[in-house]
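K.L.:
Take this structure first; my questions come after.
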Amino acid sequence: MNNKIEKLYNEGKVDQAIHLLIKKIDDKPQNVENYLQLSTYLIEQGSADQAQKLLEQAQHLVK
C-alpha cells in the first residue's frame with residue numbers, strides 16, 4: 001500500500017488520496033495494489049458499485 005496516499009486518506013483528504021491513486025493507476029495499469037487500495041477507499045466511502053467496476057476493469061488489465 002502507498003503510505004503517502006494512505007496518510008492523506010487517514011487525514012480526511014479523501015478526494016486528494018483517490019485522485020493520486022487514479023493517477024498511479026493511469027501511470028502503471030499493471031500494478032494490482034493500486035486497484036485494491038482504491039477499491040477499498042471507494043467501498044469505505046459508500047461507492048461499492050464504483051469499486052466493483054474498478055475491480056472488473058483491473059481484472060482485464062492485470063494478468
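Following the order of the C-alpha cells, chains are lettered A, B, ..., residues in each are numbered from 1, and ligands are numbered from 1.
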Got a sec: who's within 12 Å of Glu33 (chain A), counting only C-alpha atoms, leaving out chain neighbours fewer than 5 positions off, as a PDB file with N, CA, C and O atoms, in the first residue's frame?
P.N.:
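And here is the file that came out, out17.pdb:
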```pdb
ATOM      1  N   MET A   1       0.833  -1.184   0.000  1.00  0.00           N
ATOM      2  CA  MET A   1       0.000   0.000   0.000  1.00  0.00           C
ATOM      3  C   MET A   1       0.881   1.252   0.000  1.00  0.00           C
ATOM      4  O   MET A   1       1.927   1.260   0.616  1.00  0.00           O
ATOM      5  N   ASN A   2       0.406   2.269  -0.660  1.00  0.00           N
ATOM      6  CA  ASN A   2       1.163   3.507  -0.757  1.00  0.00           C
ATOM      7  C   ASN A   2       0.954   4.321   0.523  1.00  0.00           C
ATOM      8  O   ASN A   2      -0.135   4.814   0.794  1.00  0.00           O
ATOM      9  N   LEU A  21      -4.310   8.056  -6.429  1.00  0.00           N
ATOM     10  CA  LEU A  21      -4.375   6.636  -6.791  1.00  0.00           C
ATOM     11  C   LEU A  21      -4.787   6.456  -8.246  1.00  0.00           C
ATOM     12  O   LEU A  21      -4.244   5.604  -8.954  1.00  0.00           O
ATOM     13  N   ILE A  22      -5.733   7.250  -8.700  1.00  0.00           N
ATOM     14  CA  ILE A  22      -6.168   7.164 -10.105  1.00  0.00           C
ATOM     15  C   ILE A  22      -4.994   7.507 -11.018  1.00  0.00           C
ATOM     16  O   ILE A  22      -4.769   6.835 -12.026  1.00  0.00           O
ATOM     17  N   LYS A  24      -1.815   7.072 -10.319  1.00  0.00           N
ATOM     18  CA  LYS A  24      -0.892   5.941 -10.269  1.00  0.00           C
ATOM     19  C   LYS A  24      -1.392   4.784 -11.134  1.00  0.00           C
ATOM     20  O   LYS A  24      -0.605   4.116 -11.794  1.00  0.00           O
ATOM     21  N   ILE A  25      -2.697   4.567 -11.142  1.00  0.00           N
ATOM     22  CA  ILE A  25      -3.277   3.514 -11.984  1.00  0.00           C
ATOM     23  C   ILE A  25      -3.076   3.857 -13.457  1.00  0.00           C
ATOM     24  O   ILE A  25      -2.722   2.986 -14.256  1.00  0.00           O
ATOM     25  N   LYS A  28       0.678   3.249 -14.195  1.00  0.00           N
ATOM     26  CA  LYS A  28       1.091   1.837 -14.167  1.00  0.00           C
ATOM     27  C   LYS A  28      -0.142   0.947 -14.026  1.00  0.00           C
ATOM     28  O   LYS A  28      -0.443   0.442 -12.936  1.00  0.00           O
ATOM     29  N   LEU A  38      -7.526   1.546  -3.997  1.00  0.00           N
ATOM     30  CA  LEU A  38      -8.593   2.450  -4.429  1.00  0.00           C
ATOM     31  C   LEU A  38      -9.966   1.831  -4.199  1.00  0.00           C
ATOM     32  O   LEU A  38     -10.877   2.503  -3.718  1.00  0.00           O
ATOM     33  N   SER A  39     -10.116   0.551  -4.506  1.00  0.00           N
ATOM     34  CA  SER A  39     -11.426  -0.085  -4.310  1.00  0.00           C
ATOM     35  C   SER A  39     -11.793  -0.114  -2.825  1.00  0.00           C
ATOM     36  O   SER A  39     -12.959   0.077  -2.469  1.00  0.00           O
ATOM     37  N   THR A  40     -10.809  -0.303  -1.955  1.00  0.00           N
ATOM     38  CA  THR A  40     -11.067  -0.260  -0.507  1.00  0.00           C
ATOM     39  C   THR A  40     -11.587   1.112  -0.105  1.00  0.00           C
ATOM     40  O   THR A  40     -12.575   1.222   0.627  1.00  0.00           O
ATOM     41  N   LEU A  55     -12.636  -3.029 -10.054  1.00  0.00           N
ATOM     42  CA  LEU A  55     -12.013  -4.346  -9.953  1.00  0.00           C
ATOM     43  C   LEU A  55     -12.255  -5.181 -11.202  1.00  0.00           C
ATOM     44  O   LEU A  55     -11.383  -5.936 -11.633  1.00  0.00           O
ATOM     45  N   ALA A  58      -9.820  -3.880 -13.666  1.00  0.00           N
ATOM     46  CA  ALA A  58      -8.477  -4.338 -13.307  1.00  0.00           C
ATOM     47  C   ALA A  58      -8.260  -5.783 -13.711  1.00  0.00           C
ATOM     48  O   ALA A  58      -7.176  -6.160 -14.143  1.00  0.00           O
ATOM     49  N   VAL A  62      -4.758  -6.658 -15.520  1.00  0.00           N
ATOM     50  CA  VAL A  62      -3.710  -7.285 -14.731  1.00  0.00           C
ATOM     51  C   VAL A  62      -3.744  -8.789 -14.967  1.00  0.00           C
ATOM     52  O   VAL A  62      -4.793  -9.402 -14.905  1.00  0.00           O
TER      53      VAL A  62
END
```
K.L.:
As number ranges by chain, list the residues of chain A assigned to alpha helix (DSSP H) by DSSP on the backbone atoms of this structure.
P.N.:
A: 3-10, 14-27, 32-44, 48-61
K.L.:
Please provide the set of residues having any atom within 10 Å of Leu61 (chain A), restricted to only C-alpha atoms, with same-chain residues fewer than 6 positions apart removed, written as a PyMOL selection string.
P.N.:
chain A and resi 29-32+55
K.L.:
Please save C-alpha atoms of the selected residues as a short mmCIF file (atom, residue, chain, number, x, y, z; two decimals), in the first residue's frame.
P.N.:
```cif
data_model
loop_
_atom_site.label_atom_id
_atom_site.label_comp_id
_atom_site.auth_asym_id
_atom_site.auth_seq_id
_atom_site.Cartn_x
_atom_site.Cartn_y
_atom_site.Cartn_z
CA PRO A 29 -2.10 -0.03 -15.05
CA GLN A 30 -0.49 -3.41 -14.31
CA ASN A 31 0.05 -2.66 -10.59
CA VAL A 32 -2.75 -4.52 -8.81
CA LEU A 55 -12.01 -4.35 -9.95
#
```
K.L.:
Expressed in Å to a single decimal, how great is the separation between CA of Tyr9 (chain A) and CA of His60 (chain A)?
P.N.:
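If I compute the distance from CA of Tyr9 (chain A) to CA of His60 (chain A), I get 26.9 Å.
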K.L.:
If we count only C-alpha atoms, what is near Asp15 (chain A) at a cut-off of 12 Å, once residues fewer than 2 positions away on the same chain are taken out, given as a tab-separated table (two decimals) with N, CA and C atoms, in the first residue's frame?
P.N.:
```tsv
chain	number	residue	atom	x	y	z
A	5	ILE	N	-0.28	8.10	0.25
A	5	ILE	CA	-1.70	8.19	-0.08
A	5	ILE	C	-2.55	7.75	1.11
A	6	GLU	N	-2.11	6.71	1.79
A	6	GLU	CA	-2.84	6.24	2.97
A	6	GLU	C	-2.88	7.31	4.05
A	8	LEU	N	-2.74	10.61	3.59
A	8	LEU	CA	-3.70	11.63	3.14
A	8	LEU	C	-5.13	11.18	3.43
A	9	TYR	N	-5.42	9.93	3.09
A	9	TYR	CA	-6.76	9.39	3.30
A	9	TYR	C	-7.14	9.42	4.78
A	10	ASN	N	-6.21	8.97	5.61
A	10	ASN	CA	-6.47	8.93	7.05
A	10	ASN	C	-6.61	10.31	7.67
A	11	GLU	N	-6.03	11.32	7.02
A	11	GLU	CA	-6.17	12.71	7.49
A	11	GLU	C	-7.46	13.34	7.00
A	12	GLY	N	-8.27	12.58	6.27
A	12	GLY	CA	-9.54	13.10	5.77
A	12	GLY	C	-9.45	13.73	4.40
A	13	LYS	N	-8.29	13.66	3.77
A	13	LYS	CA	-8.11	14.22	2.43
A	13	LYS	C	-8.44	13.14	1.40
A	17	ALA	N	-6.44	11.77	-1.99
A	17	ALA	CA	-5.89	10.41	-1.98
A	17	ALA	C	-6.41	9.61	-3.18
A	18	ILE	N	-7.70	9.71	-3.44
A	18	ILE	CA	-8.31	8.99	-4.56
A	18	ILE	C	-7.74	9.49	-5.88
A	19	HIS	N	-7.58	10.80	-6.01
A	19	HIS	CA	-7.03	11.37	-7.23
A	19	HIS	C	-5.61	10.85	-7.49
A	20	LEU	N	-4.79	10.80	-6.45
A	20	LEU	CA	-3.42	10.31	-6.60
A	20	LEU	C	-3.41	8.83	-7.00
A	21	LEU	N	-4.31	8.06	-6.43
A	21	LEU	CA	-4.37	6.64	-6.79
A	21	LEU	C	-4.79	6.46	-8.25
A	22	ILE	N	-5.73	7.25	-8.70
A	22	ILE	CA	-6.17	7.16	-10.11
A	22	ILE	C	-4.99	7.51	-11.02
A	38	LEU	N	-7.53	1.55	-4.00
A	38	LEU	CA	-8.59	2.45	-4.43
A	38	LEU	C	-9.97	1.83	-4.20
A	41	TYR	N	-10.94	2.17	-0.60
A	41	TYR	CA	-11.38	3.53	-0.27
A	41	TYR	C	-12.78	3.79	-0.81
A	42	LEU	N	-13.05	3.33	-2.02
A	42	LEU	CA	-14.38	3.55	-2.61
A	42	LEU	C	-15.46	2.85	-1.79
A	45	GLN	N	-16.14	4.72	1.32
A	45	GLN	CA	-16.86	5.97	1.04
A	45	GLN	C	-18.29	5.71	0.58
```
